[in-house]
Every structure is written in structure tokens, then in C-alpha cells.
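Quick look at entry-v2.cif (mmCIF, C-alpha atoms and all ligand atoms):
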```cif
data_my_file
loop_
_atom_site.group_PDB
_atom_site.id
_atom_site.type_symbol
_atom_site.label_atom_id
_atom_site.label_comp_id
_atom_site.auth_asym_id
_atom_site.auth_seq_id
_atom_site.Cartn_x
_atom_site.Cartn_y
_atom_site.Cartn_z
ATOM 1 C CA MET A 480 71.361 -26.141 -36.534
ATOM 2 C CA LYS A 481 71.630 -24.321 -33.184
ATOM 3 C CA VAL A 482 69.720 -25.997 -30.362
ATOM 4 C CA THR A 483 69.007 -25.596 -26.671
ATOM 5 C CA LEU A 484 69.749 -28.863 -24.890
ATOM 6 C CA ILE A 485 67.678 -29.522 -21.754
ATOM 7 C CA THR A 486 68.342 -32.586 -19.607
ATOM 8 C CA GLY A 487 65.458 -33.916 -17.525
ATOM 9 C CA ALA A 488 62.963 -32.535 -20.026
ATOM 10 C CA SER A 489 60.407 -35.357 -19.895
ATOM 11 C CA GLY A 490 58.669 -33.873 -16.841
ATOM 12 C CA GLY A 491 58.661 -31.275 -14.079
ATOM 13 C CA ILE A 492 60.802 -28.148 -14.380
ATOM 14 C CA GLY A 493 62.582 -29.372 -17.531
ATOM 15 C CA GLU A 494 59.324 -29.946 -19.402
ATOM 16 C CA ALA A 495 57.957 -26.539 -18.331
ATOM 17 C CA LEU A 496 61.213 -24.946 -19.483
ATOM 18 C CA ALA A 497 61.010 -26.731 -22.853
ATOM 19 C CA CYS A 498 57.474 -25.352 -23.382
ATOM 20 C CA GLN A 499 58.497 -21.793 -22.521
ATOM 21 C CA LEU A 500 61.626 -21.846 -24.696
ATOM 22 C CA ALA A 501 59.696 -23.395 -27.584
ATOM 23 C CA ALA A 502 57.292 -20.446 -27.347
ATOM 24 C CA LYS A 503 60.365 -18.214 -27.723
ATOM 25 C CA LYS A 504 61.307 -20.146 -30.872
ATOM 26 C CA HIS A 505 64.270 -22.111 -29.519
ATOM 27 C CA ASN A 506 64.978 -25.307 -31.419
ATOM 28 C CA LEU A 507 65.204 -27.973 -28.755
ATOM 29 C CA LEU A 508 67.137 -31.117 -27.962
ATOM 30 C CA LEU A 509 65.482 -32.852 -25.030
ATOM 31 C CA VAL A 510 67.232 -35.532 -22.970
ATOM 32 C CA ALA A 511 65.810 -37.943 -20.373
ATOM 33 C CA ARG A 512 65.082 -41.691 -20.120
ATOM 34 C CA ASN A 513 61.372 -41.835 -20.961
ATOM 35 C CA THR A 514 61.233 -42.146 -24.745
ATOM 36 C CA GLN A 515 57.450 -41.975 -24.991
ATOM 37 C CA LYS A 516 57.169 -38.747 -23.014
ATOM 38 C CA LEU A 517 60.041 -37.128 -24.933
ATOM 39 C CA LYS A 518 58.591 -38.133 -28.295
ATOM 40 C CA ALA A 519 55.113 -36.846 -27.409
ATOM 41 C CA LEU A 520 56.503 -33.543 -26.081
ATOM 42 C CA CYS A 521 58.627 -33.023 -29.205
ATOM 43 C CA GLU A 522 55.619 -33.612 -31.439
ATOM 44 C CA VAL A 523 53.420 -31.169 -29.530
ATOM 45 C CA LEU A 524 56.079 -28.433 -29.338
ATOM 46 C CA SER A 525 57.099 -28.746 -33.001
ATOM 47 C CA GLU A 526 53.516 -28.519 -34.147
ATOM 48 C CA ARG A 527 52.405 -25.778 -31.746
ATOM 49 C CA TYR A 528 55.379 -23.450 -32.146
ATOM 50 C CA GLY A 529 56.812 -24.328 -35.570
ATOM 51 C CA ILE A 530 60.215 -25.164 -34.103
ATOM 52 C CA THR A 531 62.408 -28.239 -34.471
ATOM 53 C CA ALA A 532 62.238 -30.328 -31.321
ATOM 54 C CA GLN A 533 64.128 -33.587 -31.102
ATOM 55 C CA TYR A 534 65.181 -35.894 -28.307
ATOM 56 C CA ILE A 535 67.829 -38.335 -27.175
ATOM 57 C CA ALA A 536 66.777 -41.007 -24.693
ATOM 58 C CA ALA A 537 69.662 -41.448 -22.266
ATOM 59 C CA ASP A 538 70.189 -42.563 -18.695
ATOM 60 C CA LEU A 539 72.529 -39.936 -17.255
ATOM 61 C CA SER A 540 73.144 -42.026 -14.141
ATOM 62 C CA LYS A 541 75.404 -44.132 -16.397
ATOM 63 C CA ALA A 542 79.035 -43.117 -16.728
ATOM 64 C CA ASP A 543 79.176 -43.078 -20.547
ATOM 65 C CA ALA A 544 75.807 -41.345 -21.160
ATOM 66 C CA ALA A 545 77.110 -37.772 -21.516
ATOM 67 C CA ARG A 546 79.583 -38.909 -24.180
ATOM 68 C CA VAL A 547 76.806 -40.791 -26.030
ATOM 69 C CA VAL A 548 74.643 -37.622 -26.010
ATOM 70 C CA PHE A 549 77.570 -35.500 -27.244
ATOM 71 C CA ASP A 550 78.441 -37.946 -30.049
ATOM 72 C CA GLU A 551 74.799 -38.038 -31.116
ATOM 73 C CA THR A 552 74.689 -34.226 -31.423
ATOM 74 C CA ARG A 553 77.727 -34.470 -33.735
ATOM 75 C CA MET A 554 76.031 -37.160 -35.819
ATOM 76 C CA ARG A 555 72.953 -34.941 -36.186
ATOM 77 C CA ASN A 556 75.007 -31.809 -36.931
ATOM 78 C CA LEU A 557 73.557 -29.980 -33.941
ATOM 79 C CA LEU A 558 75.235 -26.990 -32.382
ATOM 80 C CA VAL A 559 74.404 -26.809 -28.674
ATOM 81 C CA ASN A 560 74.145 -23.084 -27.978
ATOM 82 C CA VAL A 561 72.412 -23.306 -24.605
ATOM 83 C CA LEU A 562 73.022 -26.237 -22.271
ATOM 84 C CA VAL A 563 70.617 -26.681 -19.354
ATOM 85 C CA ASN A 564 71.771 -29.300 -16.856
ATOM 86 C CA ASN A 565 68.451 -29.795 -15.112
ATOM 87 C CA ALA A 566 68.091 -33.584 -14.711
ATOM 88 C CA GLY A 567 68.389 -34.612 -11.098
ATOM 89 C CA ILE A 568 66.946 -36.905 -8.474
ATOM 90 C CA GLY A 569 66.898 -36.760 -4.690
ATOM 91 C CA SER A 570 67.011 -39.071 -1.720
ATOM 92 C CA SER A 571 65.690 -38.736 1.808
ATOM 93 C CA GLY A 572 66.224 -40.863 4.885
ATOM 94 C CA GLU A 573 68.879 -42.054 7.288
ATOM 95 C CA PHE A 574 72.189 -42.212 5.439
ATOM 96 C CA ILE A 575 73.172 -45.656 6.710
ATOM 97 C CA LYS A 576 69.791 -47.129 5.735
ATOM 98 C CA ASN A 577 69.736 -45.630 2.241
ATOM 99 C CA ASN A 578 70.692 -47.828 -0.692
ATOM 100 C CA LEU A 579 74.354 -47.174 -1.517
ATOM 101 C CA GLU A 580 74.025 -48.014 -5.214
ATOM 102 C CA ALA A 581 71.145 -45.567 -5.568
ATOM 103 C CA GLU A 582 73.101 -42.823 -3.778
ATOM 104 C CA LEU A 583 76.103 -43.339 -6.070
ATOM 105 C CA ALA A 584 73.889 -43.357 -9.173
ATOM 106 C CA MET A 585 72.409 -40.054 -7.950
ATOM 107 C CA LEU A 586 75.911 -38.557 -7.709
ATOM 108 C CA GLN A 587 76.648 -39.741 -11.245
ATOM 109 C CA LEU A 588 73.458 -38.042 -12.482
ATOM 110 C CA ASN A 589 73.470 -34.863 -10.365
ATOM 111 C CA ASN A 590 77.226 -34.256 -10.558
ATOM 112 C CA ALA A 591 79.430 -36.362 -12.828
ATOM 113 C CA SER A 592 77.169 -36.228 -15.911
ATOM 114 C CA MET A 593 76.641 -32.488 -15.423
ATOM 115 C CA VAL A 594 80.427 -31.962 -15.288
ATOM 116 C CA ALA A 595 80.903 -34.196 -18.338
ATOM 117 C CA LEU A 596 78.272 -32.351 -20.394
ATOM 118 C CA CYS A 597 79.857 -28.982 -19.522
ATOM 119 C CA HIS A 598 83.286 -30.342 -20.429
ATOM 120 C CA LEU A 599 82.084 -31.767 -23.730
ATOM 121 C CA PHE A 600 80.006 -28.823 -24.956
ATOM 122 C CA LEU A 601 82.002 -25.842 -23.642
ATOM 123 C CA PRO A 602 85.014 -25.969 -25.998
ATOM 124 C CA ASP A 603 82.816 -25.349 -29.008
ATOM 125 C CA MET A 604 81.015 -22.451 -27.254
ATOM 126 C CA VAL A 605 84.393 -20.935 -26.328
ATOM 127 C CA GLN A 606 85.617 -21.273 -29.905
ATOM 128 C CA ARG A 607 82.514 -19.525 -31.225
ATOM 129 C CA LYS A 608 82.533 -17.015 -28.317
ATOM 130 C CA GLU A 609 78.826 -17.696 -27.995
ATOM 131 C CA GLY A 610 76.652 -19.840 -25.788
ATOM 132 C CA SER A 611 75.446 -20.291 -22.259
ATOM 133 C CA ILE A 612 75.064 -22.914 -19.578
ATOM 134 C CA ILE A 613 72.467 -23.174 -16.828
ATOM 135 C CA ASN A 614 73.144 -25.619 -14.007
ATOM 136 C CA VAL A 615 70.154 -26.379 -11.806
ATOM 137 C CA ALA A 616 71.001 -26.718 -8.118
ATOM 138 C CA SER A 617 68.531 -26.322 -5.239
ATOM 139 C CA LEU A 618 67.898 -24.395 -2.049
ATOM 140 C CA ALA A 619 69.675 -27.418 -0.558
ATOM 141 C CA ALA A 620 72.893 -26.094 -2.147
ATOM 142 C CA PHE A 621 73.166 -23.474 0.592
ATOM 143 C CA PHE A 622 73.406 -25.593 3.762
ATOM 144 C CA PRO A 623 73.920 -29.189 4.954
ATOM 145 C CA SER A 624 70.697 -31.164 5.212
ATOM 146 C CA PRO A 625 70.656 -34.119 7.615
ATOM 147 C CA TYR A 626 68.423 -36.993 6.465
ATOM 148 C CA MET A 627 68.939 -35.727 2.905
ATOM 149 C CA SER A 628 72.690 -35.673 3.311
ATOM 150 C CA VAL A 629 73.915 -37.004 -0.040
ATOM 151 C CA TYR A 630 71.394 -35.103 -2.187
ATOM 152 C CA ALA A 631 72.145 -31.806 -0.424
ATOM 153 C CA ALA A 632 75.891 -32.414 -0.773
ATOM 154 C CA SER A 633 75.417 -33.132 -4.483
ATOM 155 C CA LYS A 634 73.758 -29.719 -4.870
ATOM 156 C CA VAL A 635 76.526 -28.007 -2.861
ATOM 157 C CA PHE A 636 78.832 -29.514 -5.502
ATOM 158 C CA VAL A 637 76.657 -28.087 -8.302
ATOM 159 C CA ARG A 638 76.814 -24.663 -6.649
ATOM 160 C CA SER A 639 80.571 -24.627 -6.035
ATOM 161 C CA PHE A 640 81.406 -26.037 -9.479
ATOM 162 C CA THR A 641 79.078 -23.631 -11.273
ATOM 163 C CA GLU A 642 80.197 -20.519 -9.382
ATOM 164 C CA ALA A 643 83.795 -21.360 -10.261
ATOM 165 C CA LEU A 644 82.957 -22.128 -13.900
ATOM 166 C CA THR A 645 81.065 -18.830 -14.189
ATOM 167 C CA GLU A 646 84.274 -16.926 -13.484
ATOM 168 C CA GLU A 647 86.435 -19.125 -15.741
ATOM 169 C CA CYS A 648 84.032 -18.563 -18.619
ATOM 170 C CA LYS A 649 83.536 -14.798 -18.256
ATOM 171 C CA PRO A 650 86.640 -13.840 -20.292
ATOM 172 C CA GLN A 651 85.445 -16.228 -23.024
ATOM 173 C CA GLY A 652 82.063 -14.485 -23.293
ATOM 174 C CA ILE A 653 80.146 -17.564 -22.132
ATOM 175 C CA ASN A 654 77.456 -16.966 -19.520
ATOM 176 C CA VAL A 655 77.170 -19.683 -16.880
ATOM 177 C CA MET A 656 74.260 -19.425 -14.449
ATOM 178 C CA LEU A 657 73.604 -21.217 -11.184
ATOM 179 C CA PHE A 658 69.833 -21.579 -10.855
ATOM 180 C CA SER A 659 68.399 -22.819 -7.570
ATOM 181 C CA PRO A 660 64.753 -23.782 -7.175
ATOM 182 C CA GLY A 661 63.061 -24.403 -3.846
ATOM 183 C CA PHE A 662 60.166 -26.823 -3.426
ATOM 184 C CA THR A 663 58.376 -27.210 -6.735
ATOM 185 C CA SER A 664 55.202 -29.183 -7.406
ATOM 186 C CA THR A 665 56.731 -31.880 -9.630
ATOM 187 C CA ASP A 666 57.258 -35.638 -9.245
ATOM 188 C CA PHE A 667 60.579 -34.962 -7.521
ATOM 189 C CA MET A 668 59.369 -35.695 -3.979
ATOM 190 C CA ASN A 669 57.314 -38.703 -5.230
ATOM 191 C CA SER A 670 60.303 -40.406 -6.842
ATOM 192 C CA PRO A 671 61.564 -43.620 -5.160
ATOM 193 C CA GLY A 672 64.398 -41.976 -3.172
ATOM 194 C CA ASN A 673 62.216 -39.229 -1.703
ATOM 195 C CA ASP A 674 58.850 -40.929 -1.309
ATOM 196 C CA ASN A 675 59.194 -41.877 2.348
ATOM 197 C CA ALA A 676 58.372 -40.537 5.817
ATOM 198 C CA TRP A 677 61.629 -38.559 6.057
ATOM 199 C CA GLY A 678 60.900 -36.871 2.732
ATOM 200 C CA LYS A 679 57.408 -35.934 3.925
ATOM 201 C CA THR A 680 58.867 -34.128 6.976
ATOM 202 C CA LEU A 681 60.330 -31.656 4.520
ATOM 203 C CA THR A 682 57.429 -30.910 2.238
ATOM 204 C CA ALA A 683 54.467 -30.721 4.628
ATOM 205 C CA GLY A 684 53.247 -27.107 4.554
ATOM 206 C CA ALA A 685 56.355 -25.881 2.714
ATOM 207 C CA TYR A 686 56.279 -22.858 0.403
ATOM 208 C CA THR A 687 55.988 -24.401 -3.084
ATOM 209 C CA GLN A 688 56.155 -23.015 -6.619
ATOM 210 C CA THR A 689 54.747 -24.567 -9.791
ATOM 211 C CA PRO A 690 57.210 -25.825 -12.438
ATOM 212 C CA GLN A 691 55.830 -23.128 -14.770
ATOM 213 C CA GLN A 692 56.698 -20.370 -12.266
ATOM 214 C CA VAL A 693 60.186 -21.802 -11.783
ATOM 215 C CA ALA A 694 60.790 -22.156 -15.536
ATOM 216 C CA LYS A 695 59.595 -18.566 -16.109
ATOM 217 C CA GLU A 696 62.091 -17.272 -13.536
ATOM 218 C CA MET A 697 64.822 -19.356 -15.156
ATOM 219 C CA VAL A 698 64.114 -17.947 -18.625
ATOM 220 C CA GLU A 699 63.948 -14.364 -17.314
ATOM 221 C CA ALA A 700 67.196 -14.740 -15.353
ATOM 222 C CA TRP A 701 68.890 -16.291 -18.399
ATOM 223 C CA GLN A 702 67.657 -13.468 -20.667
ATOM 224 C CA LYS A 703 69.129 -10.923 -18.240
ATOM 225 C CA LYS A 704 72.433 -12.867 -18.381
ATOM 226 C CA LYS A 705 72.361 -13.379 -14.622
ATOM 227 C CA THR A 706 74.943 -15.767 -13.197
ATOM 228 C CA PHE A 707 72.982 -16.577 -10.039
ATOM 229 C CA HIS A 708 69.301 -16.870 -9.269
ATOM 230 C CA VAL A 709 67.287 -18.450 -6.470
ATOM 231 C CA SER A 710 63.727 -19.114 -7.592
ATOM 232 C CA GLY A 711 60.984 -17.556 -5.459
ATOM 233 C CA LEU A 712 61.405 -14.512 -3.218
ATOM 234 C CA LEU A 713 60.919 -16.499 -0.021
ATOM 235 C CA ASN A 714 63.500 -19.080 -1.115
ATOM 236 C CA ALA A 715 65.966 -16.299 -1.944
ATOM 237 C CA PHE A 716 65.405 -14.864 1.544
ATOM 238 C CA PHE A 717 66.058 -18.283 3.168
ATOM 239 C CA ALA A 718 69.161 -18.880 1.047
ATOM 240 C CA ASN A 719 70.533 -15.534 2.271
ATOM 241 C CA ILE A 720 69.721 -16.088 5.941
ATOM 242 C CA LEU A 721 70.786 -19.742 6.114
ATOM 243 C CA GLY A 722 73.879 -18.933 4.058
ATOM 244 C CA ILE A 723 75.262 -16.615 6.737
ATOM 245 C CA LEU A 724 74.625 -18.946 9.692
ATOM 246 C CA PRO A 725 77.368 -21.475 10.571
ATOM 247 C CA ASN A 726 76.775 -24.753 8.692
ATOM 248 C CA ALA A 727 77.045 -26.809 11.876
ATOM 249 C CA MET A 728 74.289 -24.737 13.501
ATOM 250 C CA VAL A 729 71.959 -25.124 10.516
ATOM 251 C CA ALA A 730 72.634 -28.887 10.357
ATOM 252 C CA ARG A 731 71.851 -29.275 14.082
ATOM 253 C CA MET A 732 68.659 -27.231 13.707
ATOM 254 C CA PHE A 733 67.408 -29.314 10.752
ATOM 255 C CA ALA A 734 68.383 -32.635 12.355
ATOM 256 C CA ASN A 735 66.509 -31.764 15.567
ATOM 257 C CA SER A 736 63.450 -30.509 13.706
ATOM 258 C CA LYS A 737 63.227 -33.594 11.467
ATOM 259 C CA ARG A 738 63.759 -36.042 14.391
ATOM 260 C CA LYS A 739 60.983 -34.262 16.277
ATOM 261 C CA LYS A 740 58.601 -34.597 13.326
ATOM 262 C CA MET A 741 59.549 -38.294 13.029
ATOM 263 C CA ASN A 742 59.229 -38.895 16.799
ATOM 264 C CA VAL A 743 62.705 -40.447 17.000
HETATM 265 N N1 LIG B 801 60.985 -30.293 -7.354
HETATM 266 C C1 LIG B 801 61.645 -29.730 -6.363
HETATM 267 O O1 LIG B 801 61.095 -29.518 -5.258
HETATM 268 C C2 LIG B 801 63.086 -29.313 -6.557
HETATM 269 C C3 LIG B 801 63.674 -28.499 -5.578
HETATM 270 C C4 LIG B 801 64.991 -28.113 -5.733
HETATM 271 C C5 LIG B 801 65.709 -28.501 -6.841
HETATM 272 N N2 LIG B 801 65.136 -29.295 -7.775
HETATM 273 C C6 LIG B 801 65.957 -29.712 -8.906
HETATM 274 O O2 LIG B 801 65.319 -29.401 -10.116
HETATM 275 C C7 LIG B 801 65.706 -30.331 -11.127
HETATM 276 C C8 LIG B 801 64.464 -30.857 -11.827
HETATM 277 O O3 LIG B 801 63.667 -31.513 -10.870
HETATM 278 P P1 LIG B 801 62.086 -31.701 -11.035
HETATM 279 O O4 LIG B 801 61.450 -31.195 -9.804
HETATM 280 O O5 LIG B 801 61.638 -31.214 -12.340
HETATM 281 O O6 LIG B 801 62.038 -33.289 -10.966
HETATM 282 P P2 LIG B 801 61.132 -34.355 -11.757
HETATM 283 O O7 LIG B 801 59.779 -33.809 -12.010
HETATM 284 O O8 LIG B 801 61.275 -35.616 -10.982
HETATM 285 O O9 LIG B 801 61.884 -34.465 -13.159
HETATM 286 C C9 LIG B 801 63.172 -34.984 -13.232
HETATM 287 C C10 LIG B 801 63.601 -35.078 -14.673
HETATM 288 O O10 LIG B 801 64.918 -35.678 -14.691
HETATM 289 C C11 LIG B 801 64.875 -36.836 -15.532
HETATM 290 N N3 LIG B 801 65.752 -37.877 -15.011
HETATM 291 C C12 LIG B 801 65.670 -38.522 -13.820
HETATM 292 N N4 LIG B 801 66.605 -39.475 -13.747
HETATM 293 C C13 LIG B 801 67.309 -39.429 -14.924
HETATM 294 C C14 LIG B 801 68.376 -40.168 -15.458
HETATM 295 N N5 LIG B 801 68.927 -41.180 -14.762
HETATM 296 N N6 LIG B 801 68.843 -39.856 -16.689
HETATM 297 C C15 LIG B 801 68.268 -38.852 -17.411
HETATM 298 N N7 LIG B 801 67.252 -38.116 -16.956
HETATM 299 C C16 LIG B 801 66.772 -38.402 -15.730
HETATM 300 C C17 LIG B 801 63.417 -37.297 -15.510
HETATM 301 O O11 LIG B 801 63.084 -37.987 -16.703
HETATM 302 P P3 LIG B 801 63.071 -39.566 -16.917
HETATM 303 O O12 LIG B 801 62.413 -40.185 -15.730
HETATM 304 O O13 LIG B 801 62.316 -39.698 -18.194
HETATM 305 O O14 LIG B 801 64.496 -39.957 -17.076
HETATM 306 C C18 LIG B 801 62.689 -35.951 -15.499
HETATM 307 O O15 LIG B 801 62.595 -35.454 -16.807
HETATM 308 C C19 LIG B 801 66.542 -31.411 -10.423
HETATM 309 O O16 LIG B 801 67.903 -31.173 -10.641
HETATM 310 C C20 LIG B 801 66.200 -31.208 -8.949
HETATM 311 O O17 LIG B 801 67.261 -31.592 -8.101
HETATM 312 C C21 LIG B 801 63.842 -29.704 -7.669
#
```
Spit out the file's structure as C-alpha cells when you get a sec.
Ligand SMILES: NC(=O)c1ccc[n+]([C@@H]2O[C@H](COP(=O)([O-])OP(=O)(O)OC[C@H]3O[C@@H](n4cnc5c(N)ncnc54)[C@H](OP(=O)(O)O)[C@@H]3O)[C@@H](O)[C@H]2O)c1
Amino acid sequence: MKVTLITGASGGIGEALACQLAAKKHNLLLVARNTQKLKALCEVLSERYGITAQYIAADLSKADAARVVFDETRMRNLLVNVLVNNAGIGSSGEFIKNNLEAELAMLQLNNASMVALCHLFLPDMVQRKEGSIINVASLAAFFPSPYMSVYAASKVFVRSFTEALTEECKPQGINVMLFSPGFTSTDFMNSPGNDNAWGKTLTAGAYTQTPQQVAKEMVEAWQKKKTFHVSGLLNAFFANILGILPNAMVARMFANSKRKKMNV
């Protein structure tokens, strides 16, 4: 059976995406850690839309998790036709005070597992000359972000990797899209790494979309076979402007602004 695999589907943007794709009759394979939420979502979506929705509970901050997910799809005879690498966490604060283990686990989740899932599922798509991949980055993929240094760098990685993969996959007929949300009203900024005073300097008064709006833009961009989309017109404008300024200038600007807000 052909399925759309969405990582980070137990909440936020991933959950909203699962709902919208279920309405379009995609059979779903949802991946995240929270078994209860995944199970409940699968039940609701299967019943409401008459699709097959199943889940794999996996912690993608672990090095072997992508392989476990891949092997499980083989066991279940599932053909992953659309792969959405959406799972991701953030961290805010002074780099030297942040927990190193947590930062490295974030890189495993945001980067290494995403690379591994692409590497595992692409060969079959290439063989069938059918399939697509969506990698979820962030507005933070377009400039350095002091006091969010490792998260922003992880999203720069997502951007660079995905833009390169897009071109490698074009001759094979596989569409690879870089999708970059801006602030979105999910639990992202309330998660342990972001829920601190430095994180709050970012979000206060910021232009914010709902996860449903972001998921709708993602589905529309995917349907149009776009390879690049920044969610929200204002975010797209900022990505363009900040993208043409020298990185060092943008970093200095953000560092000064955040220090001012923090009174340090
Ligand atoms: N919200 C924003 O403002 C914003 C802005 C720019 C970019 N983004 C990006 O958008 C994507 C989705 O974020 P969101 O806002 O929807 O965040 P969210 O509401 O916090 O949801 C994150 C999802 O990722 C899953 N996840 C977290 N750690 C995981 C792990 N170790 N293994 C497997 N799954 C894990 C979570 O499920 P479990 O807890 O069940 O594992 C959840 O389903 C992320 O890549 C994020 O970087 C978000």
C-alpha cells in the first residue's frame, strides 16, 4: 500500500498536515514519540475520512531510529510515496549555557535522521520514478541567529541539503521541496529548549500563523510541485530581504536586539 509518511505528526504542523492530507484521501504513516496521541489521531482520521492511518512510535533523536522506521515499513509492506521530514525541536539561550547533550540530540533529530530517512526511502522512489520529499526548515534557515545558534544552523543545514537534493533528484522525476515556516502557534516555543527568557524575546509580538494555515500552504505548494516555499507572505518577504544582507550584519543586528530585550 502507498502511504504518506509524516514525522512529527503527533502535534503542531505535522498533525495539521496529517488532517489535511487525510481529507485528500492519503493513506498515512505517522511517526513521533507519543504513542497515545498517534493512536488517537490515526483512529479519528481513519474513521472520519475512510483512509488507512497507521503509526510508528520512534524517537528520531536516536541514531538508529530512521533505520527502525524503514525496516518497519518493509515489514508492513508499505510503499512510502511521499516523505515529509517535519519533526524538529528548537533551543534558545546562550550557547555556552545550553545543555550540550540536548543540542547534539537536536542535531540528530533535525539533521541526521532527516538525512537518513531521505537516504533510506529515496532509492525506491527513484526506481519507481515516482514520489516526493518535503523537508521542513524554518525562516531561521536564511540567516544566523545568535542565542538560537545551534537550532538556526541546523535549519541552514536542512536548507542547503534539500536545495542540493532537489537538483540531484530532478532527472529522476522525484520532487524534493524545501518548506520553511515562520512562527507558528504550536508547542514548539513551549518545548523545554525554547521555553525560556531568550526564547520569549523572539516570539513577543511576532507575526504568527496557525498550524492549519501552514499545513494548507504546504499541501498547495506540494500539489504545484514547487521545490521551495516560505510559509506566509510576510515571512517570504523577510527571507528575501535578510537573505541578501551580509550574514555578519544580520547576526550583529539580532544579537544587539536580543541583548537589549534581555537587558544584558
Ligand atoms: N512552530 C514554529 O514557530 C516553527 C517555526 C519554524 C519552523 N518550525 C519547524 O516546523 C517543524 C514542526 O514544528 P511544530 O511547530 O509543529 O512543533 P511541535 O508542535 O513542537 O511538534 C513537533 C513534533 O515533532 C515531534 N518530535 C519532537 N521530538 C521528536 C523526536 N525526538 N522523535 C520523533 N518525533 C519528535 C513531536 O512529537 P512527540 O513529542 O510525540 O515526539 C511533534 O509531533 C519543526 O521542524 C520546526 O523546526 C516550527
Would you compute the distance between CA of Ile653 (chain A) and CA of Ala591 (chain A)? Give it in Å to one decimal.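 Distance between the two atoms: 21.0 Å.
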Excluding region 494-505 of chain A and any residue of its chain fewer than 4 positions from it, enumerate the residues within 9 Å of it, using only C-alpha atoms, and give them as a ChimeraX atom specification. /A:481-483,485,487-490,509,520,524-525,527-532,690-695,697-698
At a cut-off of 8 Å around ligand LIG 801 (chain B), and using all atoms listed in the file, what residues come up? Please write them as a PyMOL selection string. chain A and resi 486-494+510-514+516-517+536-541+564-569+584-585+588-589+615-619+634+659-670+687+690
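Against the coordinates shown, the PyMOL selection byres (((chain A and resi 707) around 8) and not hetatm) returns Met656, Leu657, Phe658, Lys705, Thr706, His708 and Val709 of chain A.
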Smallest atom-to-atom distance to Leu681 (chain A): which of A:Val635, A:Ala734, A:Ile720, A:Cys521, using all atoms listed in the file?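 Going through A:Val635, A:Ala734, A:Ile720, A:Cys521 one by one, the smallest distance to Leu681 (chain A) is for A:Ala734.
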Using only C-alpha atoms, which residue out of A:Met480, A:Ala542, A:Leu507, A:Ala620 lies closest to Met554 (chain A)? A:Met480
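Each of A:Asn719, A:Ser624, A:Thr645, A:Asn506 was checked against Met732 (chain A) using all atoms listed in the file; the smallest atom-to-atom distance is that of A:Ser624.
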Could you tell me, as a PyMOL selection string, exactly which residues end up selected when the PyMOL selection byres (((chain A and resi 654) around 12) and not hetatm) is applied to this structure? chain A and resi 560-563+601+604-605+608-614+641-642+644-653+655-657+700-707
Rounded to one decimal place, report the CA of Tyr534 (chain A)-CA of Lys518 (chain A) distance in Å.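 According to the coordinates, CA of Tyr534 (chain A) and CA of Lys518 (chain A) are separated by 7.0 Å.
All residues that come within 7 Å of the coordinates (75.9, -31.7, -19.7), counting all atoms listed in the file, are given as Ala545, Leu562, Asn564, Ser592, Met593, Val594, Ala595, Leu596 and Cys597 of chain A.
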Any idea what the distance is between CA of Glu573 (chain A) and CA of Leu721 (chain A)?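 Separating CA of Glu573 (chain A) from CA of Leu721 (chain A) is a distance of 22.4 Å.
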For each of A:Met741, A:Phe621, A:Ala685, A:Gly672, take the minimum atom-to-atom distance to Ala715 (chain A), counting only C-alpha atoms, then give the residue where this is smallest.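 Using only C-alpha atoms, Ala715 (chain A) sits closest to A:Phe621.
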Draw an axis-aligned box tight on the listed atoms of region 594-607 of chain A, then pad every side by 8 Å and write out centre and edge lengths in Å to one decimal as lines of an AutoDock Vina configuration file.
```
center_x = 81.9
center_y = -26.9
center_z = -23.3
size_x = 23.3
size_y = 30.7
size_z = 31.9
```
